[in-house]
>>> print(open('upload-v2.txt').read())   # compact mmCIF, N, CA and C atoms
# COMPACT_ATOMS: atom_id res chain seq x y z
N MET A 1 -3.14 7.35 20.84
CA MET A 1 -2.78 7.59 19.45
C MET A 1 -1.26 7.54 19.31
N ALA A 2 -0.83 6.88 18.27
CA ALA A 2 0.60 6.79 17.98
C ALA A 2 0.81 7.02 16.49
N PRO A 3 0.66 8.27 16.01
CA PRO A 3 0.76 8.51 14.58
C PRO A 3 2.08 8.08 13.95
N MET A 4 3.18 8.17 14.68
CA MET A 4 4.46 7.75 14.11
C MET A 4 4.48 6.25 13.84
N GLN A 5 3.80 5.46 14.65
CA GLN A 5 3.69 4.02 14.40
C GLN A 5 3.02 3.78 13.06
N HIS A 6 1.97 4.53 12.78
CA HIS A 6 1.22 4.35 11.54
C HIS A 6 1.99 4.90 10.34
N PHE A 7 2.72 5.97 10.56
CA PHE A 7 3.62 6.51 9.53
C PHE A 7 4.62 5.42 9.12
N ILE A 8 5.25 4.81 10.09
CA ILE A 8 6.24 3.76 9.83
C ILE A 8 5.59 2.55 9.19
N ASN A 9 4.40 2.16 9.65
CA ASN A 9 3.69 1.01 9.06
C ASN A 9 3.49 1.21 7.56
N VAL A 10 2.99 2.38 7.16
CA VAL A 10 2.72 2.65 5.75
C VAL A 10 4.04 2.71 4.97
N LEU A 11 5.02 3.37 5.53
CA LEU A 11 6.30 3.50 4.85
C LEU A 11 6.95 2.14 4.60
N VAL A 12 6.99 1.29 5.61
CA VAL A 12 7.59 -0.04 5.46
C VAL A 12 6.74 -0.92 4.55
N ALA A 13 5.43 -0.80 4.63
CA ALA A 13 4.55 -1.58 3.76
C ALA A 13 4.82 -1.27 2.29
N VAL A 14 5.03 0.02 1.97
CA VAL A 14 5.28 0.42 0.58
C VAL A 14 6.69 0.04 0.15
N LEU A 15 7.65 0.22 1.03
CA LEU A 15 9.04 -0.04 0.65
C LEU A 15 9.39 -1.53 0.66
N LEU A 16 8.88 -2.28 1.64
CA LEU A 16 9.34 -3.66 1.83
C LEU A 16 8.26 -4.73 1.73
N GLY A 17 7.00 -4.35 1.86
CA GLY A 17 5.92 -5.32 1.74
C GLY A 17 5.26 -5.65 3.07
N PRO A 18 4.19 -6.45 3.01
CA PRO A 18 3.36 -6.69 4.20
C PRO A 18 4.05 -7.46 5.32
N TRP A 19 4.92 -8.39 4.99
CA TRP A 19 5.48 -9.24 6.04
C TRP A 19 6.59 -8.52 6.80
N TYR A 20 7.36 -7.69 6.10
CA TYR A 20 8.33 -6.86 6.80
C TYR A 20 7.61 -5.79 7.62
N ALA A 21 6.52 -5.29 7.09
CA ALA A 21 5.73 -4.30 7.84
C ALA A 21 5.18 -4.93 9.12
N LEU A 22 4.75 -6.18 9.03
CA LEU A 22 4.27 -6.90 10.22
C LEU A 22 5.39 -7.05 11.25
N ALA A 23 6.56 -7.50 10.78
CA ALA A 23 7.70 -7.68 11.69
C ALA A 23 8.09 -6.36 12.34
N CYS A 24 8.11 -5.30 11.57
CA CYS A 24 8.45 -3.98 12.09
C CYS A 24 7.42 -3.52 13.12
N ALA A 25 6.14 -3.74 12.82
CA ALA A 25 5.08 -3.34 13.75
C ALA A 25 5.19 -4.09 15.08
N ILE A 26 5.50 -5.37 15.00
CA ILE A 26 5.67 -6.16 16.23
C ILE A 26 6.85 -5.65 17.04
N LEU A 27 7.97 -5.42 16.36
CA LEU A 27 9.17 -4.93 17.07
C LEU A 27 8.93 -3.56 17.70
N ILE A 28 8.29 -2.66 16.98
CA ILE A 28 8.01 -1.34 17.55
C ILE A 28 7.04 -1.46 18.72
N SER A 29 6.06 -2.35 18.60
CA SER A 29 5.11 -2.55 19.70
C SER A 29 5.81 -3.06 20.95
N ILE A 30 6.71 -4.00 20.76
CA ILE A 30 7.47 -4.53 21.91
C ILE A 30 8.31 -3.43 22.54
N LEU A 31 8.96 -2.61 21.72
CA LEU A 31 9.74 -1.49 22.26
C LEU A 31 8.86 -0.50 23.01
N ARG A 32 7.70 -0.20 22.45
CA ARG A 32 6.79 0.74 23.13
C ARG A 32 6.32 0.18 24.47
N MET A 33 6.04 -1.13 24.52
CA MET A 33 5.60 -1.73 25.78
C MET A 33 6.74 -1.75 26.80
N TRP A 34 7.92 -2.11 26.34
CA TRP A 34 9.07 -2.24 27.23
C TRP A 34 9.59 -0.90 27.72
N LEU A 35 9.76 0.05 26.81
CA LEU A 35 10.38 1.32 27.17
C LEU A 35 9.40 2.36 27.68
N MET A 36 8.16 2.30 27.21
CA MET A 36 7.20 3.35 27.55
C MET A 36 6.06 2.88 28.44
N GLY A 37 6.02 1.58 28.71
CA GLY A 37 4.98 1.07 29.59
C GLY A 37 3.60 1.00 28.96
N VAL A 38 3.54 0.99 27.64
CA VAL A 38 2.27 0.89 26.93
C VAL A 38 1.74 -0.53 27.08
N ASN A 39 0.43 -0.70 27.14
CA ASN A 39 -0.16 -2.03 27.29
C ASN A 39 -0.25 -2.75 25.94
N LEU A 40 -0.95 -3.88 25.91
CA LEU A 40 -1.05 -4.70 24.70
C LEU A 40 -1.75 -4.01 23.53
N LEU A 41 -2.35 -2.86 23.77
CA LEU A 41 -2.95 -2.12 22.65
C LEU A 41 -1.89 -1.70 21.64
N ALA A 42 -0.63 -1.68 22.06
CA ALA A 42 0.45 -1.37 21.12
C ALA A 42 0.50 -2.41 20.01
N VAL A 43 0.20 -3.66 20.34
CA VAL A 43 0.23 -4.73 19.34
C VAL A 43 -1.04 -4.72 18.51
N THR A 44 -2.20 -4.73 19.17
CA THR A 44 -3.45 -4.75 18.42
C THR A 44 -3.64 -3.49 17.60
N GLY A 45 -2.99 -2.41 18.01
CA GLY A 45 -3.10 -1.15 17.29
C GLY A 45 -2.06 -0.97 16.21
N SER A 46 -1.38 -2.03 15.82
CA SER A 46 -0.38 -1.85 14.77
C SER A 46 -0.31 -2.99 13.76
N VAL A 47 -0.47 -4.21 14.20
CA VAL A 47 -0.19 -5.35 13.30
C VAL A 47 -1.21 -5.50 12.17
N PHE A 48 -2.47 -5.30 12.43
CA PHE A 48 -3.49 -5.49 11.40
C PHE A 48 -3.33 -4.46 10.29
N GLY A 49 -3.08 -3.23 10.67
CA GLY A 49 -2.91 -2.17 9.70
C GLY A 49 -1.65 -2.34 8.87
N ALA A 50 -0.57 -2.78 9.50
CA ALA A 50 0.68 -2.97 8.77
C ALA A 50 0.51 -4.00 7.66
N VAL A 51 -0.11 -5.13 7.99
CA VAL A 51 -0.29 -6.20 7.00
C VAL A 51 -1.26 -5.76 5.90
N LEU A 52 -2.40 -5.21 6.29
CA LEU A 52 -3.39 -4.81 5.29
C LEU A 52 -2.85 -3.69 4.40
N SER A 53 -2.08 -2.80 4.97
CA SER A 53 -1.45 -1.74 4.19
C SER A 53 -0.54 -2.32 3.12
N GLY A 54 0.30 -3.26 3.51
CA GLY A 54 1.20 -3.90 2.56
C GLY A 54 0.48 -4.71 1.50
N LEU A 55 -0.56 -5.43 1.91
CA LEU A 55 -1.31 -6.24 0.95
C LEU A 55 -2.04 -5.38 -0.08
N LEU A 56 -2.67 -4.30 0.39
CA LEU A 56 -3.38 -3.42 -0.54
C LEU A 56 -2.42 -2.69 -1.47
N TYR A 57 -1.26 -2.29 -0.94
CA TYR A 57 -0.28 -1.65 -1.82
C TYR A 57 0.23 -2.64 -2.86
N ARG A 58 0.51 -3.85 -2.43
CA ARG A 58 0.99 -4.88 -3.37
C ARG A 58 -0.05 -5.17 -4.44
N ALA A 59 -1.33 -5.18 -4.07
CA ALA A 59 -2.40 -5.50 -5.03
C ALA A 59 -2.65 -4.36 -6.02
N THR A 60 -2.47 -3.10 -5.58
CA THR A 60 -2.83 -1.97 -6.43
C THR A 60 -1.63 -1.17 -6.93
N GLY A 61 -0.54 -1.16 -6.18
CA GLY A 61 0.60 -0.31 -6.51
C GLY A 61 0.37 1.15 -6.21
N LYS A 62 -0.70 1.46 -5.48
CA LYS A 62 -1.04 2.85 -5.17
C LYS A 62 -0.77 3.14 -3.68
N GLN A 63 -0.11 4.25 -3.45
CA GLN A 63 0.21 4.62 -2.07
C GLN A 63 -1.03 4.91 -1.24
N ILE A 64 -2.06 5.46 -1.86
CA ILE A 64 -3.29 5.74 -1.11
C ILE A 64 -3.93 4.44 -0.64
N ALA A 65 -3.74 3.36 -1.38
CA ALA A 65 -4.27 2.06 -0.95
C ALA A 65 -3.57 1.59 0.32
N ALA A 66 -2.28 1.89 0.44
CA ALA A 66 -1.54 1.55 1.67
C ALA A 66 -2.10 2.32 2.86
N VAL A 67 -2.42 3.59 2.64
CA VAL A 67 -3.00 4.41 3.70
C VAL A 67 -4.38 3.88 4.09
N ILE A 68 -5.19 3.56 3.10
CA ILE A 68 -6.53 3.03 3.38
C ILE A 68 -6.42 1.69 4.13
N GLY A 69 -5.46 0.86 3.75
CA GLY A 69 -5.23 -0.39 4.45
C GLY A 69 -4.86 -0.18 5.91
N GLU A 70 -4.04 0.82 6.16
CA GLU A 70 -3.66 1.15 7.54
C GLU A 70 -4.86 1.65 8.33
N ILE A 71 -5.67 2.50 7.72
CA ILE A 71 -6.84 3.05 8.41
C ILE A 71 -7.85 1.95 8.72
N ILE A 72 -8.14 1.09 7.75
CA ILE A 72 -9.10 0.01 7.98
C ILE A 72 -8.51 -1.04 8.92
N GLY A 73 -7.27 -1.44 8.65
CA GLY A 73 -6.64 -2.50 9.44
C GLY A 73 -6.46 -2.14 10.89
N THR A 74 -5.92 -0.95 11.15
CA THR A 74 -5.70 -0.54 12.53
C THR A 74 -6.90 0.19 13.10
N GLY A 75 -7.42 1.16 12.34
CA GLY A 75 -8.49 2.01 12.85
C GLY A 75 -9.77 1.28 13.16
N ILE A 76 -10.06 0.23 12.39
CA ILE A 76 -11.31 -0.50 12.61
C ILE A 76 -11.04 -1.91 13.13
N ILE A 77 -10.28 -2.72 12.37
CA ILE A 77 -10.05 -4.12 12.78
C ILE A 77 -9.23 -4.16 14.07
N GLY A 78 -8.12 -3.40 14.11
CA GLY A 78 -7.29 -3.39 15.31
C GLY A 78 -8.01 -2.85 16.53
N ALA A 79 -8.81 -1.81 16.32
CA ALA A 79 -9.58 -1.24 17.43
C ALA A 79 -10.59 -2.24 17.97
N MET A 80 -11.24 -2.96 17.07
CA MET A 80 -12.22 -3.96 17.52
C MET A 80 -11.51 -5.16 18.17
N ALA A 81 -10.33 -5.51 17.70
CA ALA A 81 -9.57 -6.60 18.31
C ALA A 81 -9.06 -6.20 19.70
N SER A 82 -8.99 -4.92 19.96
CA SER A 82 -8.54 -4.44 21.27
C SER A 82 -9.58 -4.65 22.37
N TYR A 83 -10.84 -4.74 21.97
CA TYR A 83 -11.90 -4.93 22.97
C TYR A 83 -11.69 -6.18 23.82
N PRO A 84 -11.53 -7.38 23.22
CA PRO A 84 -11.35 -8.54 24.09
C PRO A 84 -10.06 -8.49 24.90
N VAL A 85 -9.03 -7.89 24.34
CA VAL A 85 -7.76 -7.78 25.09
C VAL A 85 -7.99 -6.97 26.36
N MET A 86 -8.62 -5.83 26.23
CA MET A 86 -8.81 -4.97 27.40
C MET A 86 -9.89 -5.50 28.34
N ALA A 87 -10.93 -6.09 27.78
CA ALA A 87 -12.03 -6.59 28.62
C ALA A 87 -11.63 -7.83 29.40
N PHE A 88 -10.92 -8.74 28.76
CA PHE A 88 -10.64 -10.02 29.41
C PHE A 88 -9.26 -10.10 30.06
N PHE A 89 -8.24 -9.55 29.42
CA PHE A 89 -6.90 -9.62 30.00
C PHE A 89 -6.67 -8.55 31.06
N TYR A 90 -7.23 -7.36 30.83
CA TYR A 90 -7.03 -6.26 31.76
C TYR A 90 -8.26 -6.01 32.64
N HIS A 91 -9.33 -6.76 32.42
CA HIS A 91 -10.57 -6.68 33.22
C HIS A 91 -11.11 -5.25 33.31
N MET A 92 -11.07 -4.54 32.20
CA MET A 92 -11.60 -3.18 32.17
C MET A 92 -13.11 -3.23 32.01
N GLU A 93 -13.79 -2.47 32.82
CA GLU A 93 -15.24 -2.39 32.73
C GLU A 93 -15.62 -1.21 31.85
N GLY A 94 -16.72 -1.31 31.18
CA GLY A 94 -17.20 -0.23 30.35
C GLY A 94 -16.61 -0.22 28.95
N VAL A 95 -15.77 -1.19 28.65
CA VAL A 95 -15.18 -1.28 27.31
C VAL A 95 -16.15 -2.06 26.43
N VAL A 96 -16.46 -1.51 25.27
CA VAL A 96 -17.34 -2.18 24.31
C VAL A 96 -16.58 -2.33 22.99
N LEU A 97 -17.19 -2.99 22.04
CA LEU A 97 -16.54 -3.34 20.79
C LEU A 97 -15.95 -2.14 20.05
N PHE A 98 -16.62 -1.01 20.10
CA PHE A 98 -16.17 0.15 19.32
C PHE A 98 -15.51 1.24 20.18
N THR A 99 -15.11 0.92 21.39
CA THR A 99 -14.52 1.90 22.30
C THR A 99 -13.30 2.58 21.71
N TYR A 100 -12.43 1.82 21.08
CA TYR A 100 -11.15 2.35 20.63
C TYR A 100 -11.16 2.86 19.19
N VAL A 101 -12.26 2.68 18.48
CA VAL A 101 -12.31 3.07 17.07
C VAL A 101 -12.01 4.56 16.86
N PRO A 102 -12.63 5.49 17.58
CA PRO A 102 -12.35 6.91 17.30
C PRO A 102 -10.88 7.29 17.45
N SER A 103 -10.25 6.88 18.53
CA SER A 103 -8.84 7.27 18.72
C SER A 103 -7.91 6.53 17.77
N PHE A 104 -8.21 5.26 17.48
CA PHE A 104 -7.37 4.52 16.54
C PHE A 104 -7.49 5.10 15.13
N VAL A 105 -8.71 5.43 14.71
CA VAL A 105 -8.90 6.03 13.38
C VAL A 105 -8.17 7.37 13.31
N ALA A 106 -8.30 8.19 14.34
CA ALA A 106 -7.63 9.49 14.33
C ALA A 106 -6.12 9.34 14.19
N GLY A 107 -5.53 8.43 14.95
CA GLY A 107 -4.10 8.20 14.87
C GLY A 107 -3.65 7.69 13.52
N THR A 108 -4.45 6.78 12.94
CA THR A 108 -4.07 6.23 11.64
C THR A 108 -4.24 7.25 10.52
N VAL A 109 -5.23 8.11 10.62
CA VAL A 109 -5.41 9.15 9.60
C VAL A 109 -4.23 10.12 9.64
N ILE A 110 -3.84 10.54 10.83
CA ILE A 110 -2.71 11.47 10.95
C ILE A 110 -1.42 10.81 10.44
N GLY A 111 -1.09 9.65 10.97
CA GLY A 111 0.15 8.98 10.57
C GLY A 111 0.12 8.49 9.14
N GLY A 112 -1.00 7.97 8.70
CA GLY A 112 -1.12 7.45 7.34
C GLY A 112 -0.98 8.52 6.29
N PHE A 113 -1.64 9.66 6.49
CA PHE A 113 -1.54 10.72 5.49
C PHE A 113 -0.21 11.46 5.56
N THR A 114 0.43 11.48 6.72
CA THR A 114 1.78 12.01 6.79
C THR A 114 2.71 11.13 5.94
N ALA A 115 2.56 9.83 6.06
CA ALA A 115 3.36 8.90 5.25
C ALA A 115 3.03 9.07 3.77
N TYR A 116 1.77 9.26 3.45
CA TYR A 116 1.36 9.45 2.06
C TYR A 116 2.07 10.65 1.43
N PHE A 117 2.06 11.78 2.12
CA PHE A 117 2.70 12.98 1.59
C PHE A 117 4.23 12.80 1.52
N PHE A 118 4.78 12.10 2.48
CA PHE A 118 6.21 11.80 2.46
C PHE A 118 6.55 10.91 1.27
N LEU A 119 5.75 9.88 1.03
CA LEU A 119 5.98 8.99 -0.11
C LEU A 119 5.80 9.72 -1.43
N LYS A 120 4.84 10.61 -1.50
CA LYS A 120 4.64 11.41 -2.72
C LYS A 120 5.87 12.28 -3.00
N ALA A 121 6.46 12.84 -1.95
CA ALA A 121 7.67 13.65 -2.12
C ALA A 121 8.83 12.77 -2.59
N LEU A 122 8.95 11.58 -2.04
CA LEU A 122 9.99 10.65 -2.49
C LEU A 122 9.77 10.26 -3.94
N ALA A 123 8.53 10.01 -4.31
CA ALA A 123 8.22 9.60 -5.69
C ALA A 123 8.49 10.73 -6.68
N LYS A 124 8.24 11.95 -6.25
CA LYS A 124 8.40 13.11 -7.14
C LYS A 124 9.84 13.26 -7.62
N ASN A 125 10.79 12.97 -6.74
CA ASN A 125 12.19 13.10 -7.16
C ASN A 125 12.84 11.76 -7.54
N GLY A 126 12.03 10.71 -7.65
CA GLY A 126 12.52 9.41 -8.11
C GLY A 126 13.16 8.55 -7.04
N LEU A 127 13.24 9.04 -5.82
CA LEU A 127 13.89 8.29 -4.76
C LEU A 127 13.09 7.07 -4.33
N LEU A 128 11.77 7.15 -4.38
CA LEU A 128 10.95 6.01 -3.97
C LEU A 128 11.22 4.79 -4.84
N THR A 129 11.27 4.98 -6.13
CA THR A 129 11.54 3.86 -7.05
C THR A 129 12.91 3.27 -6.79
N ARG A 130 13.90 4.12 -6.57
CA ARG A 130 15.25 3.61 -6.29
C ARG A 130 15.30 2.84 -4.99
N LEU A 131 14.63 3.33 -3.95
CA LEU A 131 14.60 2.62 -2.67
C LEU A 131 13.90 1.28 -2.80
N GLN A 132 12.79 1.24 -3.55
CA GLN A 132 12.08 -0.02 -3.73
C GLN A 132 12.93 -1.02 -4.53
N ARG A 133 13.66 -0.54 -5.53
CA ARG A 133 14.53 -1.43 -6.29
C ARG A 133 15.64 -1.98 -5.41
N MET A 134 16.22 -1.14 -4.58
CA MET A 134 17.28 -1.57 -3.67
C MET A 134 16.76 -2.59 -2.67
N ALA A 135 15.54 -2.41 -2.20
CA ALA A 135 14.95 -3.33 -1.23
C ALA A 135 14.67 -4.69 -1.85
N ASN A 136 14.42 -4.72 -3.14
CA ASN A 136 14.09 -5.99 -3.80
C ASN A 136 15.30 -6.72 -4.35
N GLU A 137 16.48 -6.15 -4.21
CA GLU A 137 17.69 -6.82 -4.71
C GLU A 137 18.16 -7.88 -3.74
>>> encode(input="upload-v2.txt", output="structure tokens")
Amino acid sequence: MAPMQHFINVLVAVLLGPWYALACAILISILRMWLMGVNLLAVTGSVFGAVLSGLLYRATGKQIAAVIGEIIGTGIIGAMASYPVMAFFYHMEGVVLFTYVPSFVAGTVIGGFTAYFFLKALAKNGLLTRLQRMANE
């Protein structure tokens, strides 16, 4: 579980959009692999949620949609995409399609809702709108 990764995914998706969120997720995944020795699950556990979070936020304008995108994208799609990575690249036995879903969903719920409450606090004092305007200039 990497709740801070999911917090950042939702935050960047809302502030900058899906493609910057994707770039940020890839960069953070590379740093986690390089500095912390995390395996390729760092990538599969971040990129799908980052993009889906940004796309759903862009389509609806609702912060909860960004959180739902992160949960579905990483918690379900990313977890299922992790199966072939671990089974074939790392030759792990006993790994099945839904092996990583519980831990990925738990991490995305924690990080996603932390980001949601943070974004709500930013929106309450008007800072979120100003940050989004600055990002789009």
>>> residues_around(input="upload-v2.txt", residues="segment 85-93 of chain A", least_positions_apart="4", cutoff="9 Å", atoms="only C-alpha atoms", output="list in words")
Leu40, Leu41, Thr44 and Ala81 of chain A
>>> axis_aligned_box(input="upload-v2.txt", around="segment 117-136 of chain A", padding_each_side="6 Å", output="AutoDock Vina command-line options")
--center_x 9.7 --center_y 3.5 --center_z -2.8 --size_x 27.2 --size_y 32.4 --size_z 22.6
>>> residues_near_point(input="upload-v2.txt", point="(-7.4, 0.1, 9.9)", cutoff="5 Å", atoms="only N, CA and C atoms", output="list of chain:residue names")
A:Gly69, A:Glu70, A:Ile71, A:Ile72, A:Gly73, A:Thr74, A:Gly75, A:Ile76, A:Ile77
>>> atom_distance(input="upload-v2.txt", atom1="atom C of Gln63 of chain A", atom2="atom C of Ser82 of chain A")
26.9 Å
>>> atom_distance(input="upload-v2.txt", atom1="atom N of Met80 of chain A", atom2="atom N of Thr99 of chain A")
7.0 Å
>>> closest_residue(input="upload-v2.txt", among="A:Pro18, A:Gly49, A:Gly126, A:Gly37", to="Val105 of chain A", atoms="only C-alpha atoms")
A:Gly49
>>> closest_residue(input="upload-v2.txt", among="A:Leu15, A:Ile8, A:Ala2, A:Leu131", to="Gly61 of chain A", atoms="only C-alpha atoms")
A:Leu15
>>> residues_around(input="upload-v2.txt", residues="Leu56 of chain A", least_positions_apart="4", cutoff="6 Å", atoms="all atoms listed in the file", output="PyMOL selection string")
chain A and resi 51-52+60-61+65-66
